[in-house]
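Student: So that you have it, the file is query-v5.tsv, and it contains TSV, C-alpha atoms:
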chain	number	residue	atom	x	y	z
A	1	MET	CA	0.00	0.00	0.00
A	2	ARG	CA	1.39	3.38	-1.02
A	3	ALA	CA	1.56	6.14	1.54
A	4	ARG	CA	-0.79	9.06	1.00
A	5	THR	CA	0.85	12.29	-0.11
A	6	PRO	CA	0.96	15.23	2.31
A	7	GLU	CA	-1.58	17.00	0.08
A	8	ARG	CA	-3.95	14.04	0.27
A	9	GLN	CA	-3.53	13.71	4.03
A	10	ILE	CA	-4.39	17.39	4.45
A	11	GLU	CA	-7.43	17.05	2.15
A	12	ASP	CA	-8.61	14.03	4.15
A	13	HIS	CA	-8.11	15.86	7.44
A	14	PHE	CA	-10.11	18.87	6.24
A	15	ALA	CA	-12.87	16.57	4.96
A	16	GLU	CA	-13.29	15.20	8.50
A	17	LEU	CA	-12.92	18.57	10.28
A	18	PRO	CA	-16.14	19.63	12.01
A	19	ASN	CA	-17.62	23.07	11.32
A	20	SER	CA	-19.39	23.77	14.60
A	21	PRO	CA	-17.62	25.59	17.45
A	22	THR	CA	-18.27	22.56	19.67
A	23	GLY	CA	-16.75	20.17	17.13
A	24	LEU	CA	-13.79	22.47	16.57
A	25	ALA	CA	-13.30	22.71	20.34
A	26	GLY	CA	-13.10	18.91	20.38
A	27	GLU	CA	-10.43	18.95	17.68
A	28	LEU	CA	-8.45	21.66	19.48
A	29	ALA	CA	-8.75	19.77	22.76
A	30	ALA	CA	-7.55	16.59	21.03
A	31	ALA	CA	-4.52	18.48	19.64
A	32	MET	CA	-3.64	19.82	23.09
A	33	LEU	CA	-4.14	16.39	24.67
A	34	ALA	CA	-1.89	14.87	21.99
A	35	LYS	CA	0.83	17.47	22.63
A	36	LYS	CA	0.70	16.75	26.35
A	37	SER	CA	0.87	13.00	25.66
A	38	LEU	CA	3.79	13.44	23.28
A	39	ASP	CA	5.69	15.61	25.74
A	40	THR	CA	5.05	13.56	28.87
A	41	THR	CA	4.96	9.92	27.76
A	42	ARG	CA	7.78	9.88	25.24
A	43	GLN	CA	5.88	7.30	23.17
A	44	VAL	CA	7.60	9.06	20.28
A	45	ASN	CA	11.32	9.13	21.03
A	46	VAL	CA	11.90	12.51	19.38
A	47	PRO	CA	10.91	15.73	21.17
A	48	PHE	CA	7.91	17.70	19.93
A	49	PRO	CA	9.33	20.33	17.53
A	50	GLU	CA	7.83	23.25	19.44
A	51	ASP	CA	10.41	25.82	18.34
A	52	TYR	CA	9.34	25.41	14.70
A	53	PHE	CA	5.67	25.87	15.61
A	54	THR	CA	6.37	28.94	17.71
A	55	GLY	CA	8.60	30.45	15.03
A	56	VAL	CA	11.66	30.55	17.30
A	57	LYS	CA	13.58	28.41	14.78
A	58	VAL	CA	13.49	28.94	11.03
A	59	ILE	CA	12.46	26.20	8.64
A	60	ASP	CA	15.77	25.43	6.94
A	61	ALA	CA	17.12	22.18	5.44
A	62	GLU	CA	17.87	20.76	8.90
A	63	ALA	CA	14.38	21.64	10.09
A	64	LEU	CA	12.80	19.99	7.05
A	65	GLU	CA	14.60	16.74	7.88
A	66	THR	CA	13.78	16.98	11.61
A	67	LEU	CA	10.12	17.60	10.84
A	68	HIS	CA	10.03	14.76	8.30
A	69	VAL	CA	11.45	12.27	10.82
A	70	TYR	CA	9.02	13.47	13.48
A	71	GLU	CA	6.04	13.27	11.11
A	72	ARG	CA	6.91	9.65	10.19
A	73	LYS	CA	7.10	8.75	13.89
A	74	LEU	CA	3.73	10.46	14.49
A	75	GLN	CA	2.18	8.39	11.69
A	76	ILE	CA	3.34	5.18	13.39
A	77	PHE	CA	2.20	6.42	16.81
A	78	ARG	CA	-1.23	7.33	15.43
A	79	GLU	CA	-1.63	3.83	13.99
A	80	GLN	CA	-0.73	2.33	17.39
A	81	LEU	CA	-3.27	4.58	19.14
A	82	VAL	CA	-6.05	3.67	16.73
A	83	HIS	CA	-5.21	-0.02	17.12
A	84	ARG	CA	-5.59	0.26	20.93
A	85	ASN	CA	-9.09	1.63	20.26
A	86	THR	CA	-10.03	3.22	23.58
A	87	ILE	CA	-11.81	6.54	24.00
A	88	PHE	CA	-8.55	8.07	25.22
A	89	THR	CA	-6.31	6.68	22.47
A	90	ILE	CA	-8.78	7.64	19.73
A	91	SER	CA	-8.86	11.20	21.12
A	92	VAL	CA	-5.06	11.39	21.17
A	93	ALA	CA	-4.95	9.94	17.63
A	94	ARG	CA	-7.30	12.73	16.45
A	95	GLY	CA	-4.94	15.26	18.00
A	96	VAL	CA	-1.89	13.60	16.44
A	97	SER	CA	-3.62	14.01	13.06
A	98	VAL	CA	-3.80	17.76	13.69
A	99	TRP	CA	-0.05	17.83	14.33
A	100	ILE	CA	0.71	15.69	11.26
A	101	THR	CA	-1.33	18.09	9.12
A	102	SER	CA	0.46	21.03	10.73
A	103	ILE	CA	3.88	19.50	10.03
A	104	HIS	CA	2.97	18.97	6.37
A	105	ALA	CA	2.01	22.65	6.20
A	106	LEU	CA	5.36	23.65	7.76
A	107	ARG	CA	7.42	21.42	5.49
A	108	HIS	CA	5.73	22.35	2.22
A	109	PRO	CA	5.46	26.11	1.55
A	110	GLU	CA	2.63	25.57	-0.94
A	111	LEU	CA	0.61	23.92	1.87
A	112	ARG	CA	1.28	26.68	4.40
A	113	PRO	CA	-2.12	28.36	3.77
A	114	LYS	CA	-3.76	25.07	4.79
A	115	GLY	CA	-1.96	25.23	8.14
A	116	ASP	CA	-3.11	28.81	8.60
A	117	ASP	CA	-6.68	27.78	7.70
A	118	LEU	CA	-6.62	24.74	10.00
A	119	TRP	CA	-5.54	26.75	13.03
A	120	ALA	CA	-7.87	29.66	12.23
A	121	ARG	CA	-10.71	27.13	12.33
A	122	LEU	CA	-9.49	25.40	15.47
A	123	ILE	CA	-9.23	28.73	17.30
A	124	ARG	CA	-12.97	29.19	16.69
A	125	GLY	CA	-13.42	26.36	19.21
A	126	GLU	CA	-11.48	28.11	21.98
A	127	PRO	CA	-14.54	29.30	23.94
A	128	GLU	CA	-15.60	25.67	24.40
A	129	LEU	CA	-12.10	24.18	24.74
A	130	GLU	CA	-12.20	23.49	28.47
A	131	GLY	CA	-15.55	21.71	28.24
A	132	ALA	CA	-14.36	19.61	25.31
A	133	TYR	CA	-11.16	18.67	27.12
A	134	PHE	CA	-13.16	17.70	30.21
A	135	MET	CA	-15.46	15.51	28.08
A	136	MET	CA	-12.47	13.65	26.64
A	137	LEU	CA	-10.92	13.00	30.03
A	138	ARG	CA	-14.12	12.58	32.05
A	139	ARG	CA	-12.36	14.05	35.05
A	140	ASP	CA	-11.23	17.42	36.36
A	141	ILE	CA	-8.54	19.16	34.35
A	142	THR	CA	-5.19	19.53	36.13
A	143	ASP	CA	-3.15	22.72	36.26
A	144	VAL	CA	-0.54	21.07	34.01
A	145	GLU	CA	-3.22	20.28	31.45
A	146	ARG	CA	-4.49	23.87	31.62
A	147	GLU	CA	-0.99	25.04	30.71
A	148	TYR	CA	-0.91	22.68	27.72
A	149	MET	CA	-4.30	23.98	26.63
A	150	LYS	CA	-2.69	27.42	26.13
A	151	PHE	CA	-0.21	26.29	23.47
A	152	ARG	CA	-0.83	27.62	19.97
A	153	PRO	CA	1.42	27.27	16.91
A	154	ALA	CA	2.21	30.94	16.40
A	155	VAL	CA	3.58	30.33	12.89
A	156	PHE	CA	0.03	29.61	11.70
A	157	LEU	CA	-1.58	32.46	13.61
A	158	GLY	CA	0.68	35.32	12.54
A	159	THR	CA	1.97	35.77	16.09
A	160	SER	CA	5.42	34.21	15.88
A	161	PRO	CA	8.54	36.25	16.61
A	162	ALA	CA	10.73	37.19	13.68
A	163	PRO	CA	13.58	34.63	13.69
Kindly transcribe the structure held in the file into structure tokens.
Tutor:
Amino acid sequence: MRARTPERQIEDHFAELPNSPTGLAGELAAAMLAKKSLDTTRQVNVPFPEDYFTGVKVIDAEALETLHVYERKLQIFREQLVHRNTIFTISVARGVSVWITSIHALRHPELRPKGDDLWARLIRGEPELEGAYFMMLRRDITDVEREYMKFRPAVFLGTSPAP
């Protein structure tokens, strides 16, 4: 089976993206939950490339390779999560898909507008983010989780510092 192209993966992700603020809040919550899981569990043995998402580091040849390796590891991790098939792992897998789509948009300049569009949509869910996160966890949200819920990829929101 041939791997789907980055363009196709982005198209597929957008086709499944909800339009309602509640649905978008669920996607944003899943992305934040996935980031927390990636940072704290080390199920992927490469650190989350936060500096590229915040705009602290430029996307140069080294970054392209780093992001490619990370994206491949996320693909494998997502498959493992889906295979486990629990409410929690499916939620994290949804969030991992957001990050895979975001990495494709970082790596391919022609796809950058899709990353901007994705995050502009996800931000529309912010007012309902806490409720969506709570529904995924089915427990109170910790202070650590609240900090993770604040992360936004500034490169897609026009708020990153000039490198």
Student: For region 70-85 of chain A, work out the shell of residues within 8 Å, counting only C-alpha atoms and skipping chain neighbours fewer than 6 positions away, then give it as an NGL selection string.
Tutor: :A and (43-44 or 46 or 48-49 or 92-93 or 96-97 or 100 or 103)
Student: Once you have the residues from the selection above, write them out as an mmCIF file, keeping the file's coordinate frame, restricted to C-alpha atoms.
Tutor:
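Written out: part.cif:
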data_model
loop_
_atom_site.group_PDB
_atom_site.id
_atom_site.type_symbol
_atom_site.label_atom_id
_atom_site.label_comp_id
_atom_site.auth_asym_id
_atom_site.auth_seq_id
_atom_site.Cartn_x
_atom_site.Cartn_y
_atom_site.Cartn_z
ATOM 1 C CA GLN A 43 5.880 7.300 23.170
ATOM 2 C CA VAL A 44 7.600 9.060 20.280
ATOM 3 C CA VAL A 46 11.900 12.510 19.380
ATOM 4 C CA PHE A 48 7.910 17.700 19.930
ATOM 5 C CA PRO A 49 9.330 20.330 17.530
ATOM 6 C CA VAL A 92 -5.060 11.390 21.170
ATOM 7 C CA ALA A 93 -4.950 9.940 17.630
ATOM 8 C CA VAL A 96 -1.890 13.600 16.440
ATOM 9 C CA SER A 97 -3.620 14.010 13.060
ATOM 10 C CA ILE A 100 0.710 15.690 11.260
ATOM 11 C CA ILE A 103 3.880 19.500 10.030
#
Student: Can you tell me how far CA of Ser37 (chain A) sits from CA of Asp12 (chain A), in Å to one decimal?
Tutor: 23.5 Å
Student: Restricting the calculation to all atoms listed in the file: of A:Ile90, A:Met149, A:Leu67, A:Ile10, which residue gets closest to Asp117 (chain A)?
Tutor: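 Selected residue with least distance to Asp117 (chain A): A:Ile10.
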Student: What does the distance between CA of Glu128 (chain A) and CA of Gly95 (chain A) come to in Å, to one decimal place?
Tutor: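 Separation of CA of Glu128 (chain A) and CA of Gly95 (chain A): 16.2 Å.
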Student: Give me, as a Markdown table, each residue of region 110-159 of chain A that comes within 7 Å of region 51-65 of chain A, together with its shortest interatomic pair and the distance in Å at one decimal, counting all atoms listed in the file, with rows ordered by chain and rising residue number.
Tutor:
| residue | atom | partner | partner_atom | distance |
| --- | --- | --- | --- | --- |
| A:Pro153 | CA | A:Phe53 | CA | 4.7 |
| A:Ala154 | CA | A:Thr54 | CA | 4.8 |
| A:Val155 | CA | A:Gly55 | CA | 5.5 |
Student: Do you have the CA of Leu106 (chain A)-CA of Gly23 (chain A) distance handy?
Tutor: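 For CA of Leu106 (chain A) relative to CA of Gly23 (chain A), the distance reads 24.3 Å.
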Student: Show me, as a PDB file with C-alpha atoms, keeping the file's coordinate frame, the residues that have an atom within 12 Å of Arg112 (chain A) when counting only C-alpha atoms, minus same-chain residues fewer than 2 positions from it.
Tutor:
ATOM      1  CA  PRO A   6       0.960  15.230   2.310  1.00  0.00           C
ATOM      2  CA  GLU A   7      -1.580  17.000   0.080  1.00  0.00           C
ATOM      3  CA  ILE A  10      -4.390  17.390   4.450  1.00  0.00           C
ATOM      4  CA  ILE A  59      12.460  26.200   8.640  1.00  0.00           C
ATOM      5  CA  THR A 101      -1.330  18.090   9.120  1.00  0.00           C
ATOM      6  CA  SER A 102       0.460  21.030  10.730  1.00  0.00           C
ATOM      7  CA  ILE A 103       3.880  19.500  10.030  1.00  0.00           C
ATOM      8  CA  HIS A 104       2.970  18.970   6.370  1.00  0.00           C
ATOM      9  CA  ALA A 105       2.010  22.650   6.200  1.00  0.00           C
ATOM     10  CA  LEU A 106       5.360  23.650   7.760  1.00  0.00           C
ATOM     11  CA  ARG A 107       7.420  21.420   5.490  1.00  0.00           C
ATOM     12  CA  HIS A 108       5.730  22.350   2.220  1.00  0.00           C
ATOM     13  CA  PRO A 109       5.460  26.110   1.550  1.00  0.00           C
ATOM     14  CA  GLU A 110       2.630  25.570  -0.940  1.00  0.00           C
ATOM     15  CA  LYS A 114      -3.760  25.070   4.790  1.00  0.00           C
ATOM     16  CA  GLY A 115      -1.960  25.230   8.140  1.00  0.00           C
ATOM     17  CA  ASP A 116      -3.110  28.810   8.600  1.00  0.00           C
ATOM     18  CA  ASP A 117      -6.680  27.780   7.700  1.00  0.00           C
ATOM     19  CA  LEU A 118      -6.620  24.740  10.000  1.00  0.00           C
ATOM     20  CA  TRP A 119      -5.540  26.750  13.030  1.00  0.00           C
ATOM     21  CA  VAL A 155       3.580  30.330  12.890  1.00  0.00           C
ATOM     22  CA  PHE A 156       0.030  29.610  11.700  1.00  0.00           C
ATOM     23  CA  LEU A 157      -1.580  32.460  13.610  1.00  0.00           C
ATOM     24  CA  GLY A 158       0.680  35.320  12.540  1.00  0.00           C
TER      25      GLY A 158
END
Student: When you count all atoms listed in the file, which of these residues is closest to Glu147 (chain A): A:Ile123, A:Leu24, A:Met32, A:Leu17?
Tutor: A:Met32
Student: Take every atom of region 144-154 of chain A listed in the file, fit an axis-aligned box around them, add 8 Å per side, and give the centre and edge lengths in Å to one decimal as lines of an AutoDock Vina configuration file.
Tutor:
center_x = -1.1
center_y = 25.6
center_z = 25.2
size_x = 22.7
size_y = 26.7
size_z = 33.6
Student: Pick from A:Leu38, A:Leu111, A:Val144, A:Ala25: nearest to Leu129 (chain A), with all atoms listed in the file counted?
Tutor: A:Ala25
Student: Could you check the closest approach to Gly26 (chain A) for each of A:Tyr148, A:Leu122, A:Thr142, A:His68 and tell me which residue wins, using all atoms listed in the file?
Tutor: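 Nearest to Gly26 (chain A): A:Leu122.
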Student: Which residue, A:Val69, A:Trp99, A:Thr41, A:Ala30, has the smallest gap to Met136 (chain A) when you use all atoms listed in the file?
Tutor: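 Of A:Val69, A:Trp99, A:Thr41, A:Ala30, the one nearest Met136 (chain A), counting all atoms listed in the file, is A:Ala30.
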